[in-house]
Each structure stands twice: as structure tokens, then as C-alpha cells.
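J.: My structure is stored as model.cif, with mmCIF, C-alpha atoms.
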data_work
loop_
_atom_site.label_atom_id
_atom_site.label_comp_id
_atom_site.auth_asym_id
_atom_site.auth_seq_id
_atom_site.Cartn_x
_atom_site.Cartn_y
_atom_site.Cartn_z
CA MET A 72 -25.97 50.48 83.41
CA ASN A 73 -23.62 47.54 83.47
CA ARG A 74 -24.11 44.37 85.50
CA LYS A 75 -21.49 45.29 88.13
CA GLN A 76 -23.17 48.63 88.85
CA ALA A 77 -26.60 47.00 88.97
CA GLU A 78 -25.32 44.44 91.51
CA LYS A 79 -23.88 47.23 93.64
CA TYR A 80 -27.24 48.99 93.78
CA LYS A 81 -29.08 45.74 94.32
CA LYS A 82 -26.95 45.06 97.41
CA LEU A 83 -27.57 48.59 98.72
CA LEU A 84 -31.30 48.24 98.15
CA MET A 85 -31.49 44.81 99.78
CA ALA A 86 -29.57 46.05 102.84
CA LYS A 87 -31.85 49.09 103.21
CA ARG A 88 -34.90 46.86 102.75
CA ALA A 89 -33.75 44.51 105.52
CA GLU A 90 -33.05 47.49 107.81
CA LEU A 91 -36.52 48.96 107.23
CA LEU A 92 -38.27 45.64 107.76
CA SER A 93 -36.41 45.23 111.04
CA ARG A 94 -37.42 48.74 112.16
CA LEU A 95 -41.05 48.09 111.24
CA GLN A 96 -41.05 44.89 113.30
CA GLU A 97 -39.51 46.75 116.24
CA ALA A 98 -42.13 49.50 115.99
CA ARG A 99 -44.94 46.96 115.99
CA ALA A 100 -43.43 45.16 118.97
CA SER A 101 -43.04 48.42 120.92
CA GLU A 102 -46.71 49.25 120.32
CA LYS A 103 -47.69 46.01 122.03
CA ASP A 104 -45.28 46.58 124.94
CA GLY A 105 -46.33 50.14 125.78
CA PRO A 106 -48.96 51.23 128.29
CA SER A 107 -52.43 50.15 127.24
CA GLU A 108 -55.40 52.44 126.58
CA ASP A 109 -56.97 51.24 129.82
CA ALA A 110 -53.97 52.37 131.87
CA PRO A 111 -55.21 54.12 135.03
CA ASP A 112 -52.94 57.12 134.63
CA LEU A 113 -54.00 59.77 132.12
CA GLY A 114 -50.35 60.72 131.53
CA ASP A 115 -49.46 57.12 130.61
CA ARG A 116 -52.34 57.00 128.14
CA ALA A 117 -51.25 60.30 126.57
CA ILE A 118 -47.66 59.12 126.23
CA SER A 119 -48.88 55.85 124.74
CA THR A 120 -51.04 57.65 122.19
CA THR A 121 -48.25 60.06 121.24
CA SER A 122 -45.79 57.20 120.90
CA ARG A 123 -48.18 55.22 118.68
CA ASP A 124 -48.78 58.30 116.52
CA LEU A 125 -45.05 58.83 116.08
CA ASN A 126 -44.47 55.15 115.29
CA TYR A 127 -47.31 55.22 112.78
CA ARG A 128 -45.88 58.26 111.01
CA LEU A 129 -42.42 56.76 110.92
CA THR A 130 -43.64 53.41 109.68
CA THR A 131 -45.86 55.02 107.02
CA GLY A 132 -42.82 56.77 105.55
CA GLU A 133 -40.79 53.60 105.84
CA ARG A 134 -43.51 51.62 104.07
CA ASP A 135 -43.37 54.14 101.21
CA ILE A 136 -39.60 53.69 100.96
CA LEU A 137 -40.08 49.89 100.99
CA LYS A 138 -42.44 50.19 98.02
CA ARG A 139 -39.91 52.34 96.19
CA ILE A 140 -37.14 49.87 96.99
CA ASP A 141 -39.23 46.97 95.67
CA SER A 142 -39.94 48.99 92.54
CA ALA A 143 -36.22 49.70 92.09
CA LEU A 144 -35.40 46.01 92.54
CA GLY A 145 -37.98 45.21 89.85
CA ARG A 146 -36.32 47.72 87.52
CA ILE A 147 -32.96 46.06 88.16
CA GLU A 148 -34.47 42.72 87.10
CA ALA A 149 -36.03 44.38 84.04
CA GLN A 150 -32.70 46.06 83.28
CA THR A 151 -34.28 49.51 83.32
CA PHE A 152 -32.80 50.60 86.66
CA GLY A 153 -31.14 54.00 86.49
CA GLU A 154 -33.53 55.37 83.86
CA CYS A 155 -35.81 58.25 84.79
CA LEU A 156 -39.43 57.08 84.83
CA ASN A 157 -40.52 60.39 83.32
CA CYS A 158 -38.05 61.38 80.62
CA GLY A 159 -36.09 58.14 80.16
CA ARG A 160 -32.70 59.80 80.63
CA LYS A 161 -30.13 58.28 82.95
CA VAL A 162 -30.52 59.13 86.62
CA GLN A 163 -27.29 60.71 87.83
CA THR A 164 -24.92 58.28 89.58
CA GLY A 165 -24.52 60.61 92.54
CA ARG A 166 -28.30 60.66 92.96
CA LEU A 167 -28.48 56.87 92.85
CA ASP A 168 -25.64 56.63 95.36
CA ALA A 169 -27.58 58.86 97.77
CA VAL A 170 -31.08 57.53 97.03
CA PRO A 171 -30.85 54.22 95.15
CA TRP A 172 -34.66 53.95 94.99
CA ALA A 173 -34.99 57.28 93.12
CA HIS A 174 -37.56 57.20 90.33
CA TYR A 175 -36.54 60.40 88.58
CA CYS A 176 -33.49 62.32 87.43
CA ILE A 177 -32.85 65.57 89.31
CA ASP A 178 -34.64 67.74 86.74
CA CYS A 179 -37.79 65.61 86.76
CA GLN A 180 -37.70 65.30 90.56
CA GLU A 181 -37.71 69.08 90.79
CA LEU A 182 -40.78 69.16 88.52
CA GLN A 183 -42.40 66.51 90.73
CA ASP A 184 -41.66 68.55 93.86
CA LEU A 185 -43.28 71.61 92.27
CA GLY A 186 -46.35 69.55 91.32
CA GLN A 187 -45.66 69.97 87.62
CA LEU A 188 -45.17 66.30 86.86
#
Here is the file; what I need is its structure written in the form of C-alpha cells.

T.:
Amino acid sequence: MNRKQAEKYKKLLMAKRAELLSRLQEARASEKDGPSEDAPDLGDRAISTTSRDLNYRLTTGERDILKRIDSALGRIEAQTFGECLNCGRKVQTGRLDAVPWAHYCIDCQELQDLGQL
């Protein structure tokens, strides 16, 4: 991958990283602003618990993407970005355009999804 392409993906990754960090901060702030566990109304407590559960699930997935983004940024610095971490072949450009933090080429990702990798 040439320098221009690497810079393009680095910008995409940095923008997505900033977006996710902002969303995580918003989720944490909303947890503090919601009804407390000692709210007198059972319905308010149920809504609060459900909301926290949803925020936790969303932020867990977002944290995973952040780790993948940081890994991809490290591969850009190491000049190995765009190489499949399993087979070493180039990850398809269309795949990187859609998911710039992808670790695997499409074939290896399919193996991963089937639990064969």
C-alpha cells in the first residue's frame, strides 16, 4: 500500500475513533443523568436499568471497534496495514473502504466467522 492510500485510511480511522470516543463519553454522561436506583417509582428504576444495559452493550461493541482501530493505526505505522493477519495477502480495497479496521481478507474472515480460524 502506498503512502497516499495509507494516509487516506489513517484519516478515516482517526475520524471514526474520535466519533466513538465522543459516543462513549455521551453514554457515560447519560448514565449519570438518568433516574437513580433509589428512585421511588419502580417503572423509573426499570427504565434506568434497561437504558444502562443498552448503553453497556453499545459501548462494549464500540470499545471492541476502538481496539481494532488502534490496532489498524499501529499497522499503518508499521507499514503492514492492508495485509491479512492470517494469510498475509492483501485485504481487498473495497473491504478496507467499508471496514478500515478489518484484520482479515474476505476469505479468512469467512473462516473466522465459521470458527475455523

J.: Apply the PyMOL selection byres ((chain A and resi 141) around 12) to the displayed file and report the matching residues as JSON, numbers by chain.

T.: {"A": [81, 84, 85, 87, 88, 89, 134, 135, 136, 137, 138, 139, 140, 142, 143, 144, 145, 146, 147, 148, 152, 171, 172, 173, 174]}

J.: What does the structure give for the distance between atom CA of Gly165 of chain A and atom CA of Gly153 of chain A, in Å to one decimal?

T.: 11.1 Å

J.: Using only C-alpha atoms for the distances, tell me which of A:Gln76, A:Ser93, A:Thr151, A:Gln163 is nearest to Ile177 of chain A.

T.: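 For Ile177 of chain A, the nearest of the given residues is A:Gln163.
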
J.: Between atom CA of Cys176 of chain A and atom CA of Asn157 of chain A, what is the distance in Å, rounded to a tenth?

T.: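 Calculated distance between atom CA of Cys176 of chain A and atom CA of Asn157 of chain A is 8.4 Å.
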
J.: State, in Å with one decimal place, the distance from atom CA of Tyr80 of chain A to atom CA of Val162 of chain A.

T.: 12.8 Å

J.: Taking into account only C-alpha atoms, which residue in the set A:Lys161, A:Cys155, A:Leu188, A:Ala149 is nearest to Tyr175 of chain A?

T.: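 The closest residue to Tyr175 of chain A is A:Cys155.
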
J.: Between A:Gln150, A:Arg166, A:Leu185, A:Arg160, which has the minimum distance to Ala77 of chain A (counting only C-alpha atoms)?

T.: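 Using only C-alpha atoms, the shortest distance to Ala77 of chain A belongs to A:Gln150.
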
J.: For Asp178 of chain A, which residue out of A:Cys158, A:Thr164, A:Lys82, A:Leu92 is the nearest one, using all atoms listed in the file?

T.: A:Cys158
